[in-house]
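Q: Quick one, query_33.cif (mmCIF, C-alpha atoms):
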```cif
data_final
#
loop_
_atom_site.label_atom_id
_atom_site.label_comp_id
_atom_site.auth_asym_id
_atom_site.auth_seq_id
_atom_site.Cartn_x
_atom_site.Cartn_y
_atom_site.Cartn_z
CA MET A 1 135.91 65.92 34.18
CA THR A 2 133.21 66.60 31.60
CA ALA A 3 130.94 67.81 34.36
CA HIS A 4 133.71 70.08 35.58
CA VAL A 5 134.27 71.55 32.11
CA VAL A 6 130.55 72.18 31.60
CA ALA A 7 130.27 73.76 35.03
CA SER A 8 133.25 76.06 34.46
CA HIS A 9 131.86 77.09 31.07
CA ALA A 10 128.43 77.73 32.56
CA SER A 11 130.00 80.22 34.96
CA HIS A 12 130.82 82.53 32.08
CA GLY A 13 128.25 83.17 29.46
CA HIS A 14 125.28 80.79 29.33
CA GLY A 15 123.17 82.79 31.72
CA SER A 16 119.91 81.60 33.16
CA LYS A 17 116.36 81.52 31.89
CA ARG A 18 115.48 84.10 34.53
CA SER A 19 118.06 86.67 33.38
CA LEU A 20 117.03 86.11 29.74
CA VAL A 21 113.34 86.69 30.48
CA ILE A 22 114.01 89.77 32.64
CA GLY A 23 116.50 91.17 30.11
CA SER A 24 114.13 90.60 27.17
CA ALA A 25 111.11 92.16 28.90
CA LEU A 26 113.09 95.21 30.05
CA SER A 27 114.78 95.80 26.71
CA ILE A 28 111.49 95.52 24.76
CA LEU A 29 109.98 98.07 27.15
CA LEU A 30 113.03 100.35 27.00
CA THR A 31 112.99 100.24 23.18
CA ALA A 32 109.24 100.80 22.88
CA ILE A 33 109.21 103.83 25.22
CA PRO A 34 111.64 106.08 23.28
CA PHE A 35 110.16 105.16 19.87
CA TRP A 36 106.64 105.80 21.18
CA LEU A 37 107.70 109.15 22.72
CA VAL A 38 109.32 110.38 19.51
CA MET A 39 106.79 109.00 17.01
CA THR A 40 103.71 110.29 18.86
CA GLY A 41 105.29 113.41 20.35
CA ALA A 42 103.70 112.50 23.68
CA LEU A 43 105.91 114.91 25.63
CA SER A 44 105.34 118.45 24.42
CA SER A 45 108.84 119.75 25.19
CA PRO A 46 111.71 118.43 23.06
CA GLY A 47 114.06 118.76 26.05
CA ALA A 48 111.98 116.32 28.11
CA THR A 49 111.79 113.88 25.17
CA ILE A 50 115.57 114.03 24.65
CA THR A 51 116.18 113.43 28.35
CA ALA A 52 113.73 110.50 28.35
CA ILE A 53 115.26 108.78 25.30
CA PHE A 54 118.79 109.19 26.68
CA ILE A 55 117.81 107.74 30.05
CA SER A 56 116.07 104.82 28.27
CA ALA A 57 119.20 104.13 26.22
CA MET A 58 121.52 104.27 29.24
CA VAL A 59 119.30 101.95 31.29
CA GLN A 60 118.91 99.56 28.35
CA ILE A 61 122.68 99.36 27.84
CA VAL A 62 123.08 98.45 31.51
CA VAL A 63 120.27 95.85 31.18
CA HIS A 64 121.96 94.26 28.14
CA VAL A 65 125.37 94.18 29.80
CA ALA A 66 123.97 92.67 33.00
CA CYS A 67 121.32 90.26 31.63
CA PHE A 68 122.70 89.23 28.21
CA LEU A 69 126.47 89.61 28.60
CA HIS A 70 126.38 88.57 32.29
CA VAL A 71 128.97 91.08 33.36
CA ASP A 72 129.11 91.26 37.13
CA ALA A 73 131.77 91.56 39.81
CA LYS A 74 132.21 87.75 39.83
CA SER A 75 132.65 86.89 36.13
CA GLU A 76 136.32 86.29 35.18
CA GLY A 77 137.37 87.45 38.62
CA GLY A 78 135.92 90.92 38.04
CA TRP A 79 138.09 91.66 34.99
CA THR A 80 135.18 91.92 32.56
CA LEU A 81 133.46 94.46 34.80
CA LEU A 82 136.68 96.42 35.33
CA SER A 83 137.54 96.53 31.60
CA PHE A 84 133.94 97.42 30.77
CA LEU A 85 133.94 100.34 33.22
CA PHE A 86 137.31 101.53 31.89
CA THR A 87 136.01 101.38 28.29
CA ALA A 88 132.78 103.13 29.26
CA ILE A 89 134.79 106.02 30.73
CA ILE A 90 136.95 106.32 27.59
CA VAL A 91 133.82 106.14 25.38
CA VAL A 92 132.13 108.95 27.32
CA ILE A 93 135.29 111.11 27.26
CA THR A 94 135.72 110.51 23.50
CA ILE A 95 132.15 111.37 22.55
CA ILE A 96 131.34 114.21 24.97
CA GLY A 97 134.90 115.59 24.75
CA SER A 98 134.89 115.69 20.94
CA VAL A 99 131.49 117.34 20.72
CA TRP A 100 132.42 119.83 23.44
CA VAL A 101 135.79 120.77 21.91
CA MET A 102 134.42 121.05 18.37
CA TYR A 103 131.43 123.11 19.49
CA HIS A 104 133.75 125.68 21.08
CA MET A 105 136.15 125.60 18.13
CA ASP A 106 133.21 126.36 15.89
CA ALA A 107 131.83 129.10 18.15
CA ASN A 108 135.19 130.83 18.65
CA MET A 109 136.98 130.40 15.34
CA MET A 110 134.34 130.63 12.61
CA PRO A 111 134.36 134.07 10.96
CA ARG A 112 131.19 136.00 11.68
CA MET B 1 157.23 48.95 34.03
CA SER B 2 153.51 49.49 34.33
CA THR B 3 154.07 52.12 37.02
CA THR B 4 156.33 54.16 34.73
CA VAL B 5 153.65 54.15 32.05
CA THR B 6 150.96 55.36 34.42
CA THR B 7 153.15 58.09 35.87
CA GLN B 8 154.02 59.22 32.36
CA ALA B 9 150.47 59.06 31.07
CA GLY B 10 148.89 60.40 34.24
CA PRO B 11 150.40 63.88 34.45
CA ARG B 12 150.35 64.36 30.69
CA LEU B 13 146.59 63.69 30.51
CA TRP B 14 145.88 65.91 33.49
CA HIS B 15 148.12 68.63 32.09
CA ALA B 16 146.41 68.64 28.68
CA LYS B 17 142.94 68.94 30.20
CA GLU B 18 143.99 71.70 32.55
CA GLU B 19 145.65 73.58 29.71
CA HIS B 20 142.54 73.31 27.60
CA ASP B 21 140.22 74.47 30.35
CA HIS B 22 142.51 77.37 31.14
CA SER B 23 142.78 78.48 27.52
CA GLY B 24 138.97 78.41 27.23
CA GLY B 25 138.75 80.90 30.10
CA ALA B 26 141.48 83.08 28.63
CA THR B 27 139.65 83.11 25.29
CA MET B 28 136.56 84.59 26.88
CA ILE B 29 138.35 87.45 28.63
CA GLY B 30 140.53 88.02 25.55
CA PHE B 31 137.48 88.22 23.30
CA TRP B 32 135.87 90.58 25.78
CA ILE B 33 138.92 92.88 25.57
CA TYR B 34 138.62 92.76 21.76
CA LEU B 35 134.96 93.81 22.05
CA MET B 36 135.97 96.68 24.32
CA SER B 37 138.48 97.86 21.68
CA ASP B 38 135.68 97.60 19.11
CA ALA B 39 133.56 99.78 21.42
CA LEU B 40 136.31 102.42 21.16
CA ILE B 41 136.12 102.32 17.34
CA PHE B 42 132.39 102.89 17.56
CA ALA B 43 132.94 105.65 20.15
CA SER B 44 135.14 107.55 17.70
CA LEU B 45 132.57 107.08 14.91
CA PHE B 46 129.82 108.31 17.24
CA ALA B 47 132.03 111.30 18.11
CA VAL B 48 132.54 112.06 14.39
CA TYR B 49 128.79 111.83 13.84
CA GLY B 50 128.19 114.07 16.87
CA VAL B 51 130.52 116.71 15.48
CA LEU B 52 129.36 116.56 11.83
CA SER B 53 125.66 115.69 12.17
CA ARG B 54 124.46 119.26 11.66
CA ASN B 55 126.55 120.02 8.60
CA TYR B 56 123.97 119.44 5.86
CA ALA B 57 125.76 121.48 3.14
CA GLY B 58 122.35 122.66 1.93
CA GLY B 59 121.24 119.03 1.57
CA PRO B 60 118.46 117.11 3.31
CA GLY B 61 118.51 116.67 7.11
CA PRO B 62 117.47 113.74 9.32
CA LYS B 63 113.85 114.90 9.49
CA GLN B 64 113.40 114.60 5.73
CA LEU B 65 115.40 111.39 5.37
CA PHE B 66 114.72 109.05 8.29
CA ASP B 67 111.68 106.77 8.28
CA LEU B 68 111.19 105.95 11.97
CA SER B 69 108.72 103.12 11.38
CA LEU B 70 111.38 101.36 9.28
CA VAL B 71 113.93 101.91 12.05
CA ALA B 72 111.45 100.53 14.59
CA VAL B 73 111.07 97.34 12.50
CA ASN B 74 114.84 97.10 12.17
CA THR B 75 115.38 97.59 15.90
CA SER B 76 112.78 94.93 16.72
CA LEU B 77 114.50 92.44 14.39
CA LEU B 78 117.91 92.97 16.01
CA LEU B 79 116.50 92.86 19.54
CA ALA B 80 114.58 89.67 18.71
CA SER B 81 117.78 88.12 17.33
CA SER B 82 119.56 88.91 20.61
CA ILE B 83 116.77 87.18 22.53
CA THR B 84 116.79 84.09 20.26
CA PHE B 85 120.57 83.87 20.70
CA GLY B 86 119.95 83.81 24.46
CA VAL B 87 117.47 80.94 23.97
CA SER B 88 120.08 79.09 21.91
CA MET B 89 122.66 79.55 24.69
CA LEU B 90 120.22 78.03 27.20
CA ALA B 91 119.68 75.08 24.84
CA MET B 92 123.45 74.68 24.58
CA ALA B 93 123.80 74.73 28.37
CA ALA B 94 121.19 71.95 28.47
CA GLY B 95 123.29 70.01 25.92
CA ARG B 96 120.58 69.92 23.25
CA THR B 97 122.38 70.17 19.91
CA GLY B 98 119.36 70.29 17.57
CA ARG B 99 117.63 72.97 19.62
CA THR B 100 120.82 75.06 19.80
CA MET B 101 121.22 74.90 16.02
CA PHE B 102 117.54 75.71 15.45
CA TRP B 103 117.65 78.89 17.53
CA LEU B 104 121.02 79.88 16.07
CA ALA B 105 119.48 79.56 12.60
CA ILE B 106 116.50 81.73 13.66
CA THR B 107 119.01 84.29 15.02
CA GLY B 108 120.78 84.25 11.66
CA LEU B 109 117.53 84.78 9.74
CA LEU B 110 116.59 87.74 11.98
CA GLY B 111 120.08 89.19 11.52
CA ALA B 112 119.81 88.77 7.74
CA ALA B 113 116.40 90.48 7.79
CA PHE B 114 117.93 93.37 9.78
CA LEU B 115 120.68 93.68 7.20
CA GLY B 116 118.13 93.52 4.38
CA VAL B 117 116.11 96.40 5.84
CA GLU B 118 119.29 98.41 6.35
CA LEU B 119 120.47 97.85 2.76
CA HIS B 120 117.00 98.83 1.53
CA GLU B 121 117.26 102.07 3.57
CA PHE B 122 120.75 102.80 2.21
CA ALA B 123 119.64 102.10 -1.36
CA SER B 124 116.62 104.41 -1.10
CA LEU B 125 118.78 107.17 0.44
CA VAL B 126 121.28 106.90 -2.41
CA ALA B 127 118.41 106.84 -4.93
CA GLU B 128 117.08 110.08 -3.42
CA GLY B 129 120.47 111.67 -4.00
CA ALA B 130 121.29 111.52 -0.27
CA GLY B 131 124.34 109.27 -0.59
CA PRO B 132 127.49 109.47 1.57
CA HIS B 133 129.03 112.17 -0.67
CA ARG B 134 126.08 114.60 -0.29
CA SER B 135 127.10 116.24 3.01
CA ALA B 136 129.30 115.75 6.07
CA PHE B 137 126.18 114.67 7.95
CA LEU B 138 125.49 111.89 5.43
CA SER B 139 129.17 110.83 5.25
CA SER B 140 129.31 110.35 8.99
CA PHE B 141 125.87 108.68 9.00
CA PHE B 142 126.86 106.09 6.38
CA THR B 143 130.21 105.48 8.10
CA LEU B 144 128.70 104.88 11.55
CA VAL B 145 125.63 102.87 10.50
CA GLY B 146 127.56 101.10 7.73
CA THR B 147 130.30 99.99 10.14
CA HIS B 148 127.64 98.51 12.41
CA GLY B 149 126.02 96.78 9.42
CA THR B 150 129.39 95.39 8.35
CA HIS B 151 129.85 93.93 11.82
CA VAL B 152 126.43 92.27 11.56
CA ALA B 153 127.35 90.89 8.12
CA PHE B 154 130.57 89.34 9.45
CA GLY B 155 128.64 88.02 12.46
CA LEU B 156 126.31 86.27 9.99
CA VAL B 157 129.25 84.68 8.15
CA TRP B 158 130.62 83.49 11.49
CA LEU B 159 127.20 82.14 12.45
CA VAL B 160 126.78 80.13 9.24
CA VAL B 161 130.30 78.67 9.55
CA LEU B 162 129.60 77.80 13.18
CA LEU B 163 126.33 76.07 12.26
CA MET B 164 128.24 73.92 9.77
CA GLN B 165 130.86 73.10 12.39
CA ILE B 166 128.24 72.15 14.99
CA GLY B 167 126.43 70.11 12.33
CA LYS B 168 129.62 68.20 11.59
CA ARG B 169 131.16 67.78 15.05
CA GLY B 170 128.35 68.51 17.51
CA LEU B 171 128.61 70.62 20.66
CA THR B 172 132.28 69.93 21.39
CA ASP B 173 134.13 72.11 23.90
CA ASP B 174 135.69 74.08 21.04
CA ASN B 175 132.32 74.71 19.42
CA ARG B 176 130.81 75.72 22.75
CA ARG B 177 133.59 78.27 23.21
CA ARG B 178 132.98 79.61 19.70
CA VAL B 179 129.23 79.92 20.27
CA MET B 180 129.90 81.81 23.51
CA CYS B 181 132.25 84.24 21.75
CA LEU B 182 129.72 84.82 18.96
CA SER B 183 127.04 85.34 21.61
CA MET B 184 129.11 88.13 23.18
CA PHE B 185 129.75 89.63 19.73
CA TRP B 186 126.03 89.53 18.84
CA HIS B 187 124.81 91.06 22.11
CA PHE B 188 127.53 93.70 21.81
CA LEU B 189 126.24 94.69 18.35
CA ASP B 190 122.75 95.06 19.80
CA ILE B 191 124.19 97.40 22.45
CA VAL B 192 125.87 99.51 19.77
CA TRP B 193 122.53 99.62 17.91
CA ILE B 194 120.87 101.11 21.04
CA GLY B 195 123.32 103.99 20.67
CA VAL B 196 122.60 104.25 16.93
CA PHE B 197 118.82 104.35 17.14
CA THR B 198 118.89 106.79 20.06
CA PHE B 199 121.71 109.08 19.00
CA VAL B 200 121.26 109.04 15.21
CA TYR B 201 117.62 108.31 14.39
CA LEU B 202 115.46 109.41 17.34
CA LEU B 203 117.56 112.45 18.25
CA GLY B 204 117.91 113.38 14.58
CA VAL B 205 114.15 113.44 14.07
CA ILE B 206 113.49 115.51 17.22
CA ARG B 207 115.88 118.37 16.64
#
```
Using structure tokens, write down the structure from this file.
A:
Amino acid sequence: MTAHVVASHASHGHGSKRSLVIGSALSILLTAIPFWLVMTGALSSPGATITAIFISAMVQIVVHVACFLHVDAKSEGGWTLLSFLFTAIIVVITIIGSVWVMYHMDANMMPR
Amino acid sequence: MSTTVTTQAGPRLWHAKEEHDHSGGATMIGFWIYLMSDALIFASLFAVYGVLSRNYAGGPGPKQLFDLSLVAVNTSLLLASSITFGVSMLAMAAGRTGRTMFWLAITGLLGAAFLGVELHEFASLVAEGAGPHRSAFLSSFFTLVGTHGTHVAFGLVWLVVLLMQIGKRGLTDDNRRRVMCLSMFWHFLDIVWIGVFTFVYLLGVIR
């Protein structure tokens, strides 16, 4: 019974040494790249730098969710993945939607 | 007589264990749903910052205020604490109580250092006259980053209490479940910080 309990707990959350090492290496790299780009100004165009730091952040969030939080199609019968994807959609709509709406409010309604 | 006792004791024992195991699983998914709702709180704070971050009211902007090398130190501390928490989880899976507590304590120290750096940053901003009341940009900055810092502070309280509980009772099933919930909470805060250092600090200094 104890073995069964340990096994069922291991299936959600402990992770493996391999996923920890891969996740750590990738996240150190994906943190170092954007800081290095911004602090040294390695890319001459700000647009390219902004694109690069956003891509780094997106990839690093996926790395954390996969390697540290162990969210995949199998954990909790897929419910963690499904709720994560649902939340991610709402988060994107909230942030991009607010900025988009307020930008146009500002552009169209401020007296000039 | 003896048969009645075994039939009574048998199912009850089995039932209790099954119930416990089941509730452990439900705790994890329930805590995950809580974290997702927390993600929505942070999404609205990010949205507020996105809308207000250019309204300086004649005050200082991100370029004058943010010290990126300090943020880099801070980010490294939080990332390191996420990694040490992972090491502690592996020790727990191996059933090594002392090792689990050691790495949890290291995680706590890194988290406390992160919080210390953040409080130092806040204090120097306020001392420069760039407190939350200075402009809409600074109000939304302090709200977003402060909410994240508050989460880390409560995570630290949880961590210390959990260390005392493990010290007293060892790695019982209940304590294992608690460590796993705190692990999710801690990694989640690191994910939110990725958004903060990208969206607030790095982007603020570029534009």
Q: I'd like the neighbourhood of Gly129 (chain B) as a PyMOL selection string, where a residue qualifies if any of its atoms comes within 12 Å (using only C-alpha atoms), though same-chain residues fewer than 6 positions away should be ignored.
A: chain B and resi 59-60+65+122-123+135+138
Q: Given a cut-off of 7 Å, which residues of chain B touch chain A, counting all atoms listed in the file, written out as a PyMOL selection string?
A: chain B and resi 21+29+32+36+40+43-44+46-47+50-51+83+86+89-90+93+180+184+187+191+194-195+198+202-203+206
Q: Rank B:Val192, B:Leu77, B:Gln165, B:Asn175 by their smallest atom-to-atom distance to His151 (chain B), using only C-alpha atoms, and report the top residue only.
A: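 Of all the options, B:Val192 lies closest to His151 (chain B).
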Q: Neighbours of region 157-160 of chain B within 8 Å (only C-alpha atoms; same-chain residues fewer than 4 positions away dropped), as a VMD selection string?
A: chain B and resid 104 108 153 164 182
Q: From the list B:Gly111, B:Gly155, B:Gly167, B:Gly149, which residue is nearest Thr84 (chain B) when using only C-alpha atoms?
A: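 That would be B:Gly111, the residue with the smallest distance to Thr84 (chain B).
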Q: So what do you get for CA of Phe137 (chain B) versus CA of Arg54 (chain B), distance-wise?
A: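 Pair CA of Phe137 (chain B) / CA of Arg54 (chain B) returns 6.1 Å.
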Q: At a cut-off of 12 Å, using only C-alpha atoms, what residues contact Thr147 (chain B)? Leave out same-chain residues fewer than 6 positions from it and give the result as a short mmCIF file (atom, residue, chain, number, x, y, z; two decimals) with C-alpha atoms, in the frame of the given file.
A:
```
data_model
loop_
_atom_site.label_atom_id
_atom_site.label_comp_id
_atom_site.auth_asym_id
_atom_site.auth_seq_id
_atom_site.Cartn_x
_atom_site.Cartn_y
_atom_site.Cartn_z
CA ASP B 38 135.68 97.60 19.11
CA ALA B 39 133.56 99.78 21.42
CA ILE B 41 136.12 102.32 17.34
CA PHE B 42 132.39 102.89 17.56
CA ALA B 43 132.94 105.65 20.15
CA SER B 44 135.14 107.55 17.70
CA LEU B 45 132.57 107.08 14.91
CA PHE B 46 129.82 108.31 17.24
CA LEU B 115 120.68 93.68 7.20
CA GLU B 118 119.29 98.41 6.35
CA SER B 139 129.17 110.83 5.25
CA SER B 140 129.31 110.35 8.99
CA PHE B 141 125.87 108.68 9.00
CA ALA B 153 127.35 90.89 8.12
CA PHE B 154 130.57 89.34 9.45
CA LEU B 189 126.24 94.69 18.35
CA VAL B 192 125.87 99.51 19.77
CA TRP B 193 122.53 99.62 17.91
CA VAL B 196 122.60 104.25 16.93
#
```
Q: Which one is closest to Val161 (chain B): B:Leu144, B:Ala130, B:Ile33, B:Ala105? Count all atoms listed in the file.
A: B:Ala105
Q: Using Å and a single decimal, report how far CA of Phe85 (chain B) sits from CA of Ser183 (chain B).
A: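 Taking CA of Ser183 (chain B) as the start and CA of Phe85 (chain B) as the end point, the length is 6.7 Å.
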